[in-house]
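Text of the file model-v4.txt, holding compact mmCIF, C-alpha atoms and all ligand atoms:
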```txt
# COMPACT_ATOMS: atom_id res chain seq x y z
CA MET B 1 4.84 24.21 32.48
CA PHE B 2 4.04 23.15 28.92
CA TYR B 3 0.94 21.48 27.53
CA ALA B 4 0.89 19.51 24.25
CA HIS B 5 -1.90 20.82 22.01
CA ILE B 6 -3.26 19.24 18.83
CA THR B 7 -3.06 22.24 16.51
CA GLY B 8 -3.14 20.70 13.03
CA TRP B 9 -4.72 17.71 11.30
CA GLY B 10 -4.76 16.26 7.81
CA MET B 11 -5.69 13.12 5.89
CA ALA B 12 -5.10 11.50 2.52
CA VAL B 13 -6.74 8.45 0.95
CA PRO B 14 -6.14 6.83 -2.44
CA ALA B 15 -8.67 7.64 -5.16
CA THR B 16 -9.43 4.00 -6.02
CA THR B 17 -12.40 2.45 -4.22
CA LEU B 18 -12.88 -1.29 -3.76
CA THR B 19 -16.52 -2.13 -2.97
CA ASN B 20 -18.03 -5.24 -1.44
CA ALA B 21 -19.46 -6.01 -4.89
CA ASP B 22 -15.89 -5.99 -6.25
CA LEU B 23 -14.86 -8.45 -3.52
CA GLU B 24 -17.76 -10.76 -4.40
CA LYS B 25 -15.96 -11.30 -7.72
CA MET B 26 -12.66 -12.13 -6.00
CA VAL B 27 -13.57 -14.47 -3.10
CA GLU B 28 -16.59 -16.41 -1.88
CA THR B 29 -18.33 -13.69 0.09
CA SER B 30 -21.32 -11.38 -0.16
CA ASP B 31 -22.04 -7.71 0.34
CA GLU B 32 -24.67 -8.72 2.90
CA TRP B 33 -22.21 -10.83 4.96
CA ILE B 34 -19.55 -8.10 5.01
CA ARG B 35 -22.06 -5.36 5.95
CA GLU B 36 -23.62 -7.44 8.73
CA ARG B 37 -20.37 -8.73 10.27
CA THR B 38 -18.19 -5.62 9.85
CA GLY B 39 -20.24 -2.58 8.76
CA ILE B 40 -17.78 -2.04 5.88
CA LEU B 41 -19.17 -1.04 2.47
CA GLU B 42 -15.98 -0.03 0.68
CA ARG B 43 -12.29 0.71 1.22
CA ARG B 44 -9.58 2.68 -0.62
CA ILE B 45 -6.70 0.89 -2.31
CA ALA B 46 -3.40 2.53 -3.28
CA ARG B 47 -2.72 2.51 -7.01
CA GLU B 48 0.52 1.17 -8.40
CA GLY B 49 3.32 3.59 -7.58
CA GLU B 50 1.46 5.09 -4.60
CA TYR B 51 3.20 4.33 -1.29
CA PRO B 52 2.81 5.10 2.44
CA ALA B 53 5.23 8.05 2.31
CA ASP B 54 3.18 9.61 -0.53
CA LEU B 55 -0.06 9.47 1.45
CA ALA B 56 1.76 10.51 4.64
CA THR B 57 3.31 13.54 2.92
CA ARG B 58 -0.10 14.74 1.69
CA ALA B 59 -1.65 14.32 5.16
CA ALA B 60 1.35 15.97 6.85
CA LEU B 61 1.29 19.04 4.60
CA GLN B 62 -2.43 19.53 5.27
CA ALA B 63 -1.83 19.23 9.02
CA LEU B 64 1.02 21.76 8.88
CA GLN B 65 -1.15 24.17 6.86
CA VAL B 66 -3.97 23.92 9.40
CA ALA B 67 -1.48 24.51 12.24
CA ASN B 68 0.10 27.33 10.20
CA LEU B 69 3.50 25.86 10.99
CA SER B 70 6.53 25.74 8.74
CA PRO B 71 8.07 22.25 8.29
CA ALA B 72 11.41 23.82 9.24
CA ASP B 73 10.02 24.44 12.75
CA LEU B 74 9.34 20.74 13.35
CA GLU B 75 11.70 19.02 15.77
CA LEU B 76 10.26 15.51 15.60
CA VAL B 77 8.47 13.37 13.01
CA ILE B 78 6.97 10.10 14.22
CA CYS B 79 5.43 7.80 11.68
CA ALA B 80 3.26 5.06 13.13
CA THR B 81 2.82 2.37 10.51
CA SER B 82 2.09 -1.34 10.16
CA SER B 83 3.13 -1.32 6.50
CA PRO B 84 6.38 0.70 6.34
CA GLU B 85 7.97 1.15 2.93
CA HIS B 86 11.07 -0.74 4.13
CA LEU B 87 12.40 -2.47 7.24
CA PHE B 88 14.75 0.50 7.18
CA PRO B 89 15.07 3.39 6.44
CA ALA B 90 12.09 4.61 8.42
CA THR B 91 9.14 5.87 6.39
CA ALA B 92 9.30 8.90 8.71
CA CYS B 93 12.67 9.84 7.18
CA LEU B 94 11.22 9.72 3.65
CA VAL B 95 8.46 12.08 4.77
CA GLN B 96 10.92 14.32 6.66
CA ASP B 97 12.91 14.77 3.44
CA ARG B 98 9.87 15.48 1.27
CA ILE B 99 8.30 18.08 3.53
CA GLY B 100 11.62 19.75 4.35
CA ALA B 101 11.62 19.18 8.11
CA ASN B 102 15.35 19.81 8.15
CA LYS B 103 15.65 20.26 11.92
CA ALA B 104 13.61 17.20 12.93
CA GLY B 105 14.52 13.76 14.19
CA ALA B 106 12.41 11.10 12.47
CA PHE B 107 11.53 7.52 13.32
CA ASP B 108 8.85 4.89 12.76
CA LEU B 109 6.81 3.47 15.58
CA SER B 110 5.51 -0.08 15.39
CA ALA B 111 2.52 -0.82 17.60
CA ALA B 112 0.18 -1.98 14.80
CA CYS B 113 -3.25 -0.35 14.80
CA SER B 114 -2.64 1.21 18.26
CA GLY B 115 0.41 2.98 16.81
CA PHE B 116 -1.16 6.39 16.32
CA ILE B 117 -2.22 6.62 19.98
CA TYR B 118 1.24 5.47 21.10
CA ALA B 119 2.90 8.05 18.80
CA VAL B 120 0.71 10.97 19.91
CA GLN B 121 1.52 10.13 23.52
CA MET B 122 5.29 9.94 22.75
CA ALA B 123 5.18 13.36 21.07
CA ALA B 124 3.04 14.83 23.86
CA GLN B 125 5.46 13.54 26.54
CA SER B 126 8.41 15.11 24.71
CA ILE B 127 6.60 18.44 24.47
CA ARG B 128 5.44 18.40 28.10
CA SER B 129 8.97 17.63 29.28
CA GLY B 130 10.18 20.82 27.57
CA ALA B 131 12.49 18.84 25.24
CA LEU B 132 10.78 20.20 22.11
CA ARG B 133 7.98 22.49 20.97
CA ASN B 134 6.68 21.18 17.61
CA ALA B 135 6.06 17.59 16.53
CA LEU B 136 4.38 15.85 13.61
CA VAL B 137 2.67 12.51 14.18
CA ILE B 138 1.52 10.44 11.21
CA GLY B 139 -0.33 7.16 10.74
CA THR B 140 0.09 5.81 7.22
CA GLU B 141 -0.70 2.50 5.57
CA ASN B 142 -0.61 0.45 2.38
CA LEU B 143 -1.99 -2.65 4.08
CA SER B 144 -3.53 -3.74 0.79
CA ARG B 145 -0.05 -4.93 -0.19
CA PHE B 146 0.04 -7.34 2.78
CA VAL B 147 -3.43 -8.72 2.20
CA ASP B 148 -3.92 -12.15 0.67
CA TRP B 149 -6.64 -11.33 -1.86
CA ASN B 150 -7.66 -15.01 -1.84
CA ASP B 151 -8.33 -15.04 1.92
CA ARG B 152 -11.91 -13.95 2.61
CA ASN B 153 -11.25 -13.82 6.36
CA THR B 154 -8.92 -10.84 5.99
CA CYS B 155 -9.22 -9.25 2.52
CA ILE B 156 -12.63 -7.75 3.28
CA LEU B 157 -11.32 -5.79 6.26
CA PHE B 158 -8.36 -3.62 5.35
CA GLY B 159 -7.80 -0.42 3.37
CA ASP B 160 -5.14 2.21 2.67
CA GLY B 161 -4.83 5.80 3.88
CA ALA B 162 -2.97 8.28 6.05
CA GLY B 163 -3.72 10.83 8.75
CA ALA B 164 -1.55 13.31 10.63
CA PHE B 165 -1.55 15.59 13.67
CA VAL B 166 0.69 18.53 14.51
CA LEU B 167 1.34 18.84 18.24
CA GLN B 168 2.66 22.09 19.71
CA ALA B 169 3.75 23.37 23.09
CA SER B 170 1.77 26.07 24.83
CA GLU B 171 1.59 27.29 28.41
CA ARG B 172 -2.19 27.41 28.06
CA PRO B 173 -3.75 24.36 29.79
CA GLY B 174 -5.36 21.75 27.50
CA GLY B 175 -4.27 19.44 24.73
CA VAL B 176 -3.34 15.84 25.52
CA LEU B 177 -4.52 15.17 29.09
CA SER B 178 -3.79 11.50 29.73
CA ALA B 179 -3.04 8.21 28.04
CA VAL B 180 -2.90 4.53 28.88
CA LEU B 181 -0.76 2.30 26.66
CA ARG B 182 -0.95 -1.47 27.15
CA SER B 183 0.32 -4.66 25.55
CA ASP B 184 0.01 -8.44 25.84
CA GLY B 185 2.59 -10.30 23.77
CA SER B 186 1.03 -13.65 24.72
CA GLY B 187 -1.42 -12.86 21.90
CA ALA B 188 1.31 -12.10 19.36
CA ASP B 189 0.28 -15.02 17.15
CA LEU B 190 -3.35 -13.87 16.81
CA LEU B 191 -2.58 -11.19 14.23
CA SER B 192 0.70 -11.08 12.33
CA VAL B 193 2.67 -10.93 9.10
CA PRO B 194 4.93 -13.89 9.95
CA ALA B 195 7.69 -13.51 7.32
CA GLY B 196 9.94 -10.71 6.12
CA GLY B 197 11.67 -10.05 9.43
CA SER B 198 14.85 -11.69 10.74
CA ARG B 199 13.01 -14.72 12.14
CA PHE B 200 11.54 -15.75 8.78
CA PRO B 201 13.50 -13.80 6.16
CA ALA B 202 12.10 -13.69 2.63
CA SER B 203 12.68 -16.95 0.76
CA ALA B 204 11.01 -18.82 -2.07
CA GLU B 205 9.33 -21.00 0.56
CA SER B 206 8.06 -18.04 2.63
CA VAL B 207 6.50 -16.55 -0.50
CA ARG B 208 5.04 -19.85 -1.66
CA SER B 209 3.37 -20.47 1.71
CA GLY B 210 1.91 -16.94 1.88
CA GLN B 211 3.81 -16.00 5.06
CA HIS B 212 4.21 -12.37 3.91
CA PHE B 213 0.46 -11.85 4.16
CA ILE B 214 -1.66 -10.86 7.16
CA HIS B 215 -2.63 -13.91 9.24
CA MET B 216 -5.42 -13.45 11.75
CA ASP B 217 -7.58 -15.32 14.21
CA GLY B 218 -10.60 -13.05 13.69
CA ARG B 219 -12.76 -14.41 16.50
CA GLU B 220 -10.03 -14.10 19.14
CA VAL B 221 -9.09 -10.58 18.00
CA PHE B 222 -12.77 -9.64 18.12
CA ARG B 223 -13.10 -10.92 21.70
CA PHE B 224 -9.94 -9.09 22.79
CA ALA B 225 -11.03 -5.83 21.11
CA THR B 226 -14.48 -5.72 22.65
CA ARG B 227 -12.91 -6.28 26.08
CA VAL B 228 -10.23 -3.57 25.96
CA MET B 229 -12.02 -0.66 24.25
CA ALA B 230 -14.34 0.31 27.12
CA GLN B 231 -11.83 -0.69 29.78
CA SER B 232 -8.95 1.47 28.48
CA THR B 233 -11.30 4.41 27.82
CA ARG B 234 -12.34 4.31 31.48
CA GLU B 235 -8.71 4.09 32.64
CA ALA B 236 -7.62 7.06 30.51
CA LEU B 237 -10.59 9.14 31.70
CA GLN B 238 -9.80 8.32 35.30
CA ALA B 239 -6.16 9.34 34.81
CA ALA B 240 -7.36 12.71 33.47
CA GLY B 241 -9.87 13.18 36.30
CA LEU B 242 -12.78 13.04 33.83
CA ARG B 243 -16.09 11.16 33.87
CA VAL B 244 -17.64 9.35 30.90
CA GLU B 245 -20.36 12.06 30.88
CA ASP B 246 -17.69 14.75 30.31
CA VAL B 247 -16.72 13.28 26.95
CA HIS B 248 -17.96 15.10 23.88
CA LEU B 249 -16.77 12.57 21.30
CA ILE B 250 -14.98 9.21 21.21
CA ILE B 251 -12.87 8.54 18.14
CA PRO B 252 -12.24 4.78 18.09
CA HIS B 253 -10.02 2.69 15.83
CA GLN B 254 -12.19 1.78 12.84
CA ALA B 255 -11.90 -2.01 12.54
CA ASN B 256 -15.45 -3.29 12.76
CA TYR B 257 -18.75 -1.52 13.47
CA ARG B 258 -19.75 -4.28 15.89
CA ILE B 259 -16.61 -3.66 17.99
CA ILE B 260 -17.49 0.06 18.22
CA GLU B 261 -21.07 -0.86 19.19
CA ALA B 262 -19.73 -3.14 21.93
CA ALA B 263 -17.56 -0.30 23.26
CA ALA B 264 -20.61 2.00 23.32
CA ARG B 265 -22.57 -0.62 25.26
CA GLY B 266 -19.64 -1.14 27.66
CA LEU B 267 -19.46 2.58 28.39
CA LYS B 268 -23.28 2.96 28.45
CA LEU B 269 -23.01 5.69 25.83
CA PRO B 270 -25.16 6.19 22.73
CA ILE B 271 -23.41 5.22 19.46
CA GLU B 272 -23.81 8.90 18.36
CA LYS B 273 -20.97 9.76 20.76
CA PHE B 274 -18.64 7.71 18.53
CA VAL B 275 -17.17 8.85 15.24
CA VAL B 276 -17.77 6.04 12.73
CA ASN B 277 -16.50 5.96 9.14
CA VAL B 278 -15.45 2.30 8.90
CA GLN B 279 -18.18 1.86 6.24
CA ARG B 280 -16.17 3.97 3.75
CA TYR B 281 -12.54 3.09 4.52
CA GLY B 282 -12.46 -0.30 6.26
CA ASN B 283 -9.57 -0.79 8.69
CA THR B 284 -6.72 1.58 7.80
CA SER B 285 -4.75 0.58 10.91
CA THR B 286 -2.68 3.51 12.28
CA ALA B 287 -4.43 5.93 9.92
CA SER B 288 -7.98 5.17 11.01
CA ILE B 289 -8.12 7.43 14.08
CA PRO B 290 -6.62 10.59 12.51
CA ILE B 291 -8.78 10.12 9.39
CA ALA B 292 -11.87 9.88 11.60
CA VAL B 293 -10.77 12.99 13.52
CA CYS B 294 -10.33 14.95 10.28
CA GLU B 295 -13.80 14.00 9.09
CA ALA B 296 -15.32 14.89 12.48
CA VAL B 297 -13.74 18.36 12.22
CA GLN B 298 -14.96 18.74 8.62
CA GLN B 299 -18.49 17.90 9.75
CA GLY B 300 -18.34 20.46 12.57
CA GLN B 301 -18.45 17.78 15.28
CA LEU B 302 -15.44 19.14 17.19
CA GLN B 303 -15.07 22.58 18.79
CA ALA B 304 -12.30 24.09 20.89
CA GLY B 305 -12.66 22.99 24.50
CA ASP B 306 -14.38 19.66 23.70
CA LYS B 307 -13.05 16.67 25.64
CA ILE B 308 -12.31 13.72 23.38
CA VAL B 309 -11.05 10.15 23.69
CA LEU B 310 -8.98 8.32 21.07
CA VAL B 311 -9.07 4.57 21.67
CA GLY B 312 -7.66 1.66 19.71
CA PHE B 313 -6.25 -1.85 19.64
CA GLY B 314 -4.17 -3.99 17.35
CA ALA B 315 -1.57 -6.65 16.78
CA GLY B 316 1.02 -7.22 19.47
CA LEU B 317 -1.40 -7.39 21.13
CA THR B 318 -1.45 -3.67 21.88
CA TRP B 319 -4.17 -1.27 22.94
CA GLY B 320 -4.51 2.18 24.38
CA ALA B 321 -6.66 5.22 24.99
CA LEU B 322 -5.83 8.90 25.12
CA THR B 323 -7.88 11.84 26.37
CA ALA B 324 -7.46 15.37 25.08
CA GLU B 325 -9.05 18.77 25.16
CA TRP B 326 -9.50 19.84 21.55
CA THR B 327 -7.65 23.06 20.78
CA GLY B 328 -7.32 23.95 17.10
CA PRO B 329 -4.60 26.16 15.65
CA LEU B 330 -2.65 28.40 18.03
CA PRO B 331 -2.92 32.16 17.36
CA ALA B 332 -0.31 33.31 14.81
CA GLU B 333 0.85 36.65 13.48
CA ARG B 334 1.66 35.59 9.93
CA ARG B 335 0.38 33.06 7.43
CA VAL B 336 2.82 30.27 6.52
CA ASN B 337 2.76 28.98 2.94
CA VAL B 338 3.57 25.31 3.54
CA ARG B 339 3.60 24.42 -0.21
CA GLY B 340 6.44 26.92 -0.74
CA PHE B 341 8.58 24.95 1.71
CA VAL B 342 7.96 21.77 -0.25
CA TRP B 343 9.67 23.20 -3.34
CA LEU B 344 12.56 24.25 -1.17
CA ALA B 345 12.66 20.75 0.33
CA ARG B 346 12.82 19.14 -3.13
CA LEU B 347 15.68 21.41 -4.17
CA ARG B 348 17.53 20.76 -0.90
CA SER B 349 17.12 17.01 -1.29
CA LEU B 350 18.31 17.09 -4.91
CA TYR B 351 21.26 19.28 -3.95
CA ARG B 352 22.32 16.87 -1.17
CA ARG B 353 22.11 13.87 -3.50
CA LEU B 354 24.13 15.75 -6.10
CA VAL B 355 26.83 16.77 -3.60
CA ARG B 356 27.07 13.15 -2.41
CA PHE B 357 27.37 12.00 -6.02
CA ILE B 358 30.11 14.52 -6.91
CA GLU B 359 32.03 13.83 -3.69
CA GLY B 360 31.82 10.14 -4.52
CA ILE B 361 33.52 10.76 -7.85
CA LEU B 362 36.11 13.17 -6.42
CA TRP B 363 37.13 10.81 -3.62
CA GLY B 364 37.12 7.79 -5.89
CA ARG B 365 34.19 6.09 -4.16
CA ARG B 366 32.17 6.08 -7.36
CA GLU B 367 33.15 5.08 -10.89
CA VAL B 368 32.24 7.54 -13.67
N1 LIG B 401 -17.63 -13.93 3.63
C1 LIG B 401 -18.46 -14.93 3.92
N2 LIG B 401 -18.25 -15.79 4.96
C2 LIG B 401 -17.15 -15.61 5.68
C3 LIG B 401 -16.23 -14.59 5.42
C4 LIG B 401 -16.52 -13.74 4.34
N3 LIG B 401 -15.70 -12.71 4.01
N4 LIG B 401 -15.23 -14.66 6.30
C5 LIG B 401 -15.50 -15.68 7.11
N5 LIG B 401 -16.66 -16.27 6.74
C6 LIG B 401 -17.34 -17.42 7.33
C7 LIG B 401 -16.42 -18.25 8.17
O1 LIG B 401 -15.70 -19.17 7.38
C8 LIG B 401 -17.38 -18.93 9.12
O2 LIG B 401 -17.94 -20.03 8.49
P1 LIG B 401 -18.12 -21.40 9.31
O3 LIG B 401 -19.06 -21.05 10.42
O4 LIG B 401 -18.67 -22.31 8.28
O5 LIG B 401 -16.76 -21.76 9.79
C9 LIG B 401 -18.48 -17.89 9.31
O6 LIG B 401 -18.35 -16.97 8.22
C10 LIG B 401 -18.39 -17.14 10.61
O7 LIG B 401 -17.04 -16.78 10.82
P2 LIG B 401 -16.55 -16.00 12.08
O8 LIG B 401 -15.08 -15.86 12.04
O9 LIG B 401 -17.18 -16.56 13.32
O10 LIG B 401 -17.25 -14.59 11.81
P3 LIG B 401 -17.28 -13.35 12.73
O11 LIG B 401 -18.68 -12.97 13.02
O12 LIG B 401 -16.34 -13.48 13.90
O13 LIG B 401 -16.68 -12.23 11.78
C11 LIG B 401 -14.61 -11.07 11.45
C12 LIG B 401 -15.37 -12.38 11.28
C13 LIG B 401 -13.21 -11.25 10.93
C14 LIG B 401 -15.34 -10.00 10.66
C15 LIG B 401 -14.62 -10.70 12.96
O14 LIG B 401 -14.20 -11.79 13.71
C16 LIG B 401 -13.73 -9.54 13.26
O15 LIG B 401 -13.98 -8.42 12.85
N6 LIG B 401 -12.66 -9.77 14.07
C17 LIG B 401 -11.73 -8.70 14.41
C18 LIG B 401 -10.77 -8.50 13.28
C19 LIG B 401 -10.01 -7.22 13.39
O16 LIG B 401 -10.53 -6.22 13.78
N7 LIG B 401 -8.74 -7.26 13.00
C20 LIG B 401 -7.90 -6.13 12.99
C21 LIG B 401 -7.53 -5.72 14.34
S1 LIG B 401 -6.70 -4.19 14.35
```

Go ahead and render the structure in this file as structure tokens.
Ligand code: COA
Amino acid sequence: MFYAHITGWGMAVPATTLTNADLEKMVETSDEWIRERTGILERRIAREGEYPADLATRAALQALQVANLSPADLELVICATSSPEHLFPATACLVQDRIGANKAGAFDLSAACSGFIYAVQMAAQSIRSGALRNALVIGTENLSRFVDWNDRNTCILFGDGAGAFVLQASERPGGVLSAVLRSDGSGADLLSVPAGGSRFPASAESVRSGQHFIHMDGREVFRFATRVMAQSTREALQAAGLRVEDVHLIIPHQANYRIIEAAARGLKLPIEKFVVNVQRYGNTSTASIPIAVCEAVQQGQLQAGDKIVLVGFGAGLTWGALTAEWTGPLPAERRVNVRGFVWLARLRSLYRRLVRFIEGILWGRREV
């Protein structure tokens, strides 16, 4: 029997910081209002030319280095994202090419801010079934490009970033223990980017009316979020045969400090049991949970054997919670130099493009 262990983790955020004071100059708001209503002080914004696959690649390489796993040993790359680079190809394929995961299937998963929990569970199920041994799960976002910077209801909330986990099979018990994944499409209209899909394709009118931006009913989303966080945590704990008292740390989706406080109250747990970094990054959607995990590890808050809960919610509506026993890297005999594989990956990618180009000329598919 196989267990799916979290053996590597990594994160990447853009260098540029946008503070509440900066936002005061852009819309009618105040630092005080944003702090009080959301807990957010600043967020990171991707610079021009910096895209979700760039951040995802940095986070993925860190995670692989921590796990001491070569990209060539990956069999699956799942990229959870609410702001993919394109409708297709999948952002996961762009990352697969850059890191040199040449034996991996790759696809994007769309479950909005719950996406990372969904993706970890998909990878864990595949590992537990015996179908594969090594998987990479990424959450990556450039939500700043879908934000209407004139809309004070939404522009204060979101930020950019990426986080990644490596999951590996082991016969040692532990790793991902249980998960509950839920959805309620009756709330689809509460949080959406209405245009850009096949229902409202891009047009001059869709751009003029701002339909490519995030539209949100903040109060309704808030009510929904405070309801499902504690509830799904309890359900996931029950499925794993754990009690709330057994939990060492809860790593919630970082959307709003008040939502995390409500979850703590609902579970009758002190806020110290929750990892909170929303003040520095805002809501980075699928990336928020792995970024928070990385920072908790950096601060020595997580040790092997600790029981943790990841819990989140988002557009769809979707929500979910996942329990795990924290593992850390599996024992290894040799040290893998992940950066070395990246050079190899670049050369391989260039070579494939070149071969395609030359074949195109030889077979008359391309004009010289
Ligand atoms: N600055 C100043 N005032 C603002 C403002 C801003 N940035 N945004 C809204 N307001 C105003 C509103 O217009 C409203 O004014 P009114 O009473 O005159 O109509 C007032 O502040 C209160 O608005 P309300 O929407 O009730 O505030 P709130 O306490 O619910 O906080 C959110 C708003 C968006 C912060 C909160 O609802 C929230 O976090 N919702 C969840 C959003 C979320 O997490 N989305 C992502 C899910 S993954």

Distance query region 293-305 of chain B at most 9 Å, all atoms listed in the file, self and fewer than 4 positions along chain excluded, as an mmCIF file with C-alpha atoms, in the frame of the given file:
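See around.cif below for the written result:
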```
data_model
loop_
_atom_site.group_PDB
_atom_site.id
_atom_site.type_symbol
_atom_site.label_atom_id
_atom_site.label_comp_id
_atom_site.auth_asym_id
_atom_site.auth_seq_id
_atom_site.Cartn_x
_atom_site.Cartn_y
_atom_site.Cartn_z
ATOM 1 C CA TRP B 9 -4.720 17.710 11.300
ATOM 2 C CA GLY B 10 -4.760 16.260 7.810
ATOM 3 C CA MET B 11 -5.690 13.120 5.890
ATOM 4 C CA GLY B 163 -3.720 10.830 8.750
ATOM 5 C CA ALA B 164 -1.550 13.310 10.630
ATOM 6 C CA GLY B 174 -5.360 21.750 27.500
ATOM 7 C CA HIS B 248 -17.960 15.100 23.880
ATOM 8 C CA LEU B 249 -16.770 12.570 21.300
ATOM 9 C CA ILE B 251 -12.870 8.540 18.140
ATOM 10 C CA VAL B 275 -17.170 8.850 15.240
ATOM 11 C CA ASN B 277 -16.500 5.960 9.140
ATOM 12 C CA SER B 288 -7.980 5.170 11.010
ATOM 13 C CA ILE B 289 -8.120 7.430 14.080
ATOM 14 C CA GLU B 325 -9.050 18.770 25.160
ATOM 15 C CA TRP B 326 -9.500 19.840 21.550
ATOM 16 C CA THR B 327 -7.650 23.060 20.780
ATOM 17 C CA GLY B 328 -7.320 23.950 17.100
#
```

Counting only C-alpha atoms and all ligand atoms, which of B:Met216, B:Ala72, B:Ala345, B:Leu41 gets nearest to ligand LIG 401 (chain B)?
B:Met216

Return as a PDB file with C-alpha atoms, in the coordinates of the input every polymer residue, whether protein, DNA or RNA, with at least one atom no more than 7 Å from an atom of ligand LIG 401 (chain B); count all atoms listed in the file.
```pdb
ATOM      1  CA  GLU B  28     -16.590 -16.410  -1.880  1.00  0.00           C
ATOM      2  CA  THR B  29     -18.330 -13.690   0.090  1.00  0.00           C
ATOM      3  CA  SER B  30     -21.320 -11.380  -0.160  1.00  0.00           C
ATOM      4  CA  TRP B  33     -22.210 -10.830   4.960  1.00  0.00           C
ATOM      5  CA  ILE B  34     -19.550  -8.100   5.010  1.00  0.00           C
ATOM      6  CA  ARG B  37     -20.370  -8.730  10.270  1.00  0.00           C
ATOM      7  CA  THR B  38     -18.190  -5.620   9.850  1.00  0.00           C
ATOM      8  CA  CYS B 113      -3.250  -0.350  14.800  1.00  0.00           C
ATOM      9  CA  ARG B 152     -11.910 -13.950   2.610  1.00  0.00           C
ATOM     10  CA  ASN B 153     -11.250 -13.820   6.360  1.00  0.00           C
ATOM     11  CA  THR B 154      -8.920 -10.840   5.990  1.00  0.00           C
ATOM     12  CA  ILE B 156     -12.630  -7.750   3.280  1.00  0.00           C
ATOM     13  CA  GLY B 218     -10.600 -13.050  13.690  1.00  0.00           C
ATOM     14  CA  ARG B 219     -12.760 -14.410  16.500  1.00  0.00           C
ATOM     15  CA  VAL B 221      -9.090 -10.580  18.000  1.00  0.00           C
ATOM     16  CA  PHE B 222     -12.770  -9.640  18.120  1.00  0.00           C
ATOM     17  CA  ALA B 255     -11.900  -2.010  12.540  1.00  0.00           C
ATOM     18  CA  ASN B 256     -15.450  -3.290  12.760  1.00  0.00           C
ATOM     19  CA  SER B 285      -4.750   0.580  10.910  1.00  0.00           C
ATOM     20  CA  PHE B 313      -6.250  -1.850  19.640  1.00  0.00           C
ATOM     21  CA  GLY B 314      -4.170  -3.990  17.350  1.00  0.00           C
ATOM     22  CA  ALA B 315      -1.570  -6.650  16.780  1.00  0.00           C
TER      23      ALA B 315
END
```

Quick one: of B:Ala60, B:Ile127, B:Leu362, B:Ala324, who's nearest to Ser178 (chain B), counting all atoms listed in the file?
B:Ala324

Report as a ChimeraX atom specification all protein, DNA and RNA residues lying within 12 Å of Ala332 (chain B), evaluated on only C-alpha atoms, omitting residues in the same chain fewer than 2 positions from it.
/B:7,66-70,328-330,334-336

Go ahead and write the residues just picked, C-alpha atoms, as a JSON list (two decimals), keeping the file's coordinate frame.
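Wrote it out as part-v1.json, contents follow:
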```json
[["chain", "number", "residue", "atom", "x", "y", "z"],
["B", 7, "THR", "CA", -3.06, 22.24, 16.51],
["B", 66, "VAL", "CA", -3.97, 23.92, 9.40],
["B", 67, "ALA", "CA", -1.48, 24.51, 12.24],
["B", 68, "ASN", "CA", 0.10, 27.33, 10.20],
["B", 69, "LEU", "CA", 3.50, 25.86, 10.99],
["B", 70, "SER", "CA", 6.53, 25.74, 8.74],
["B", 328, "GLY", "CA", -7.32, 23.95, 17.10],
["B", 329, "PRO", "CA", -4.60, 26.16, 15.65],
["B", 330, "LEU", "CA", -2.65, 28.40, 18.03],
["B", 334, "ARG", "CA", 1.66, 35.59, 9.93],
["B", 335, "ARG", "CA", 0.38, 33.06, 7.43],
["B", 336, "VAL", "CA", 2.82, 30.27, 6.52]]
```

Choose the residue, out of B:Phe88, B:Tyr351, B:Tyr118, B:Tyr51, that has the smallest atom-to-atom separation from Gly197 (chain B); count all atoms listed in the file.
B:Phe88

Give me the residues within 9 Å of Asn102 (chain B) as a PyMOL selection string, counting all atoms listed in the file and dropping any in the same chain fewer than 4 places off.
chain B and resi 71-75+96-97+345

Output C-alpha atoms for every residue in that selection, as a PDB file, in the coordinates of the input.
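To be explicit, this is the file written out as selection33.pdb:
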```pdb
ATOM      1  CA  PRO B  71       8.070  22.250   8.290  1.00  0.00           C
ATOM      2  CA  ALA B  72      11.410  23.820   9.240  1.00  0.00           C
ATOM      3  CA  ASP B  73      10.020  24.440  12.750  1.00  0.00           C
ATOM      4  CA  LEU B  74       9.340  20.740  13.350  1.00  0.00           C
ATOM      5  CA  GLU B  75      11.700  19.020  15.770  1.00  0.00           C
ATOM      6  CA  GLN B  96      10.920  14.320   6.660  1.00  0.00           C
ATOM      7  CA  ASP B  97      12.910  14.770   3.440  1.00  0.00           C
ATOM      8  CA  ALA B 345      12.660  20.750   0.330  1.00  0.00           C
TER       9      ALA B 345
END
```

Which residue of B:Ser349, B:Ser192, B:Ser203, B:Ser198 approaches Asp217 (chain B) most closely, using all atoms listed in the file:
B:Ser192

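Of the residues listed (B:Val278, B:Ala56, B:Leu181, B:Val166), B:Leu181 shows the shortest atom-to-atom separation from Gly115 (chain B); distances use only C-alpha atoms.
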
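Comparing B:Pro331, B:Cys93, B:Glu245, B:Gly364 by their smallest distance to Lys268 (chain B), the closest is B:Glu245 (using only C-alpha atoms).
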
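Close contacts of Gln211 (chain B), defined as residues with an atom at most 9 Å away when counting all atoms listed in the file, with chain neighbours fewer than 6 positions off set aside, comprise Val193, Pro194, Ala195, Gly196, Phe200, Ala202 and Glu205 of chain B.
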
Export C-alpha atoms of the chosen residues as an mmCIF file, in the coordinates of the input?
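Output (out-v1.cif):
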```cif
data_model
loop_
_atom_site.group_PDB
_atom_site.id
_atom_site.type_symbol
_atom_site.label_atom_id
_atom_site.label_comp_id
_atom_site.auth_asym_id
_atom_site.auth_seq_id
_atom_site.Cartn_x
_atom_site.Cartn_y
_atom_site.Cartn_z
ATOM 1 C CA VAL B 193 2.670 -10.930 9.100
ATOM 2 C CA PRO B 194 4.930 -13.890 9.950
ATOM 3 C CA ALA B 195 7.690 -13.510 7.320
ATOM 4 C CA GLY B 196 9.940 -10.710 6.120
ATOM 5 C CA PHE B 200 11.540 -15.750 8.780
ATOM 6 C CA ALA B 202 12.100 -13.690 2.630
ATOM 7 C CA GLU B 205 9.330 -21.000 0.560
#
```
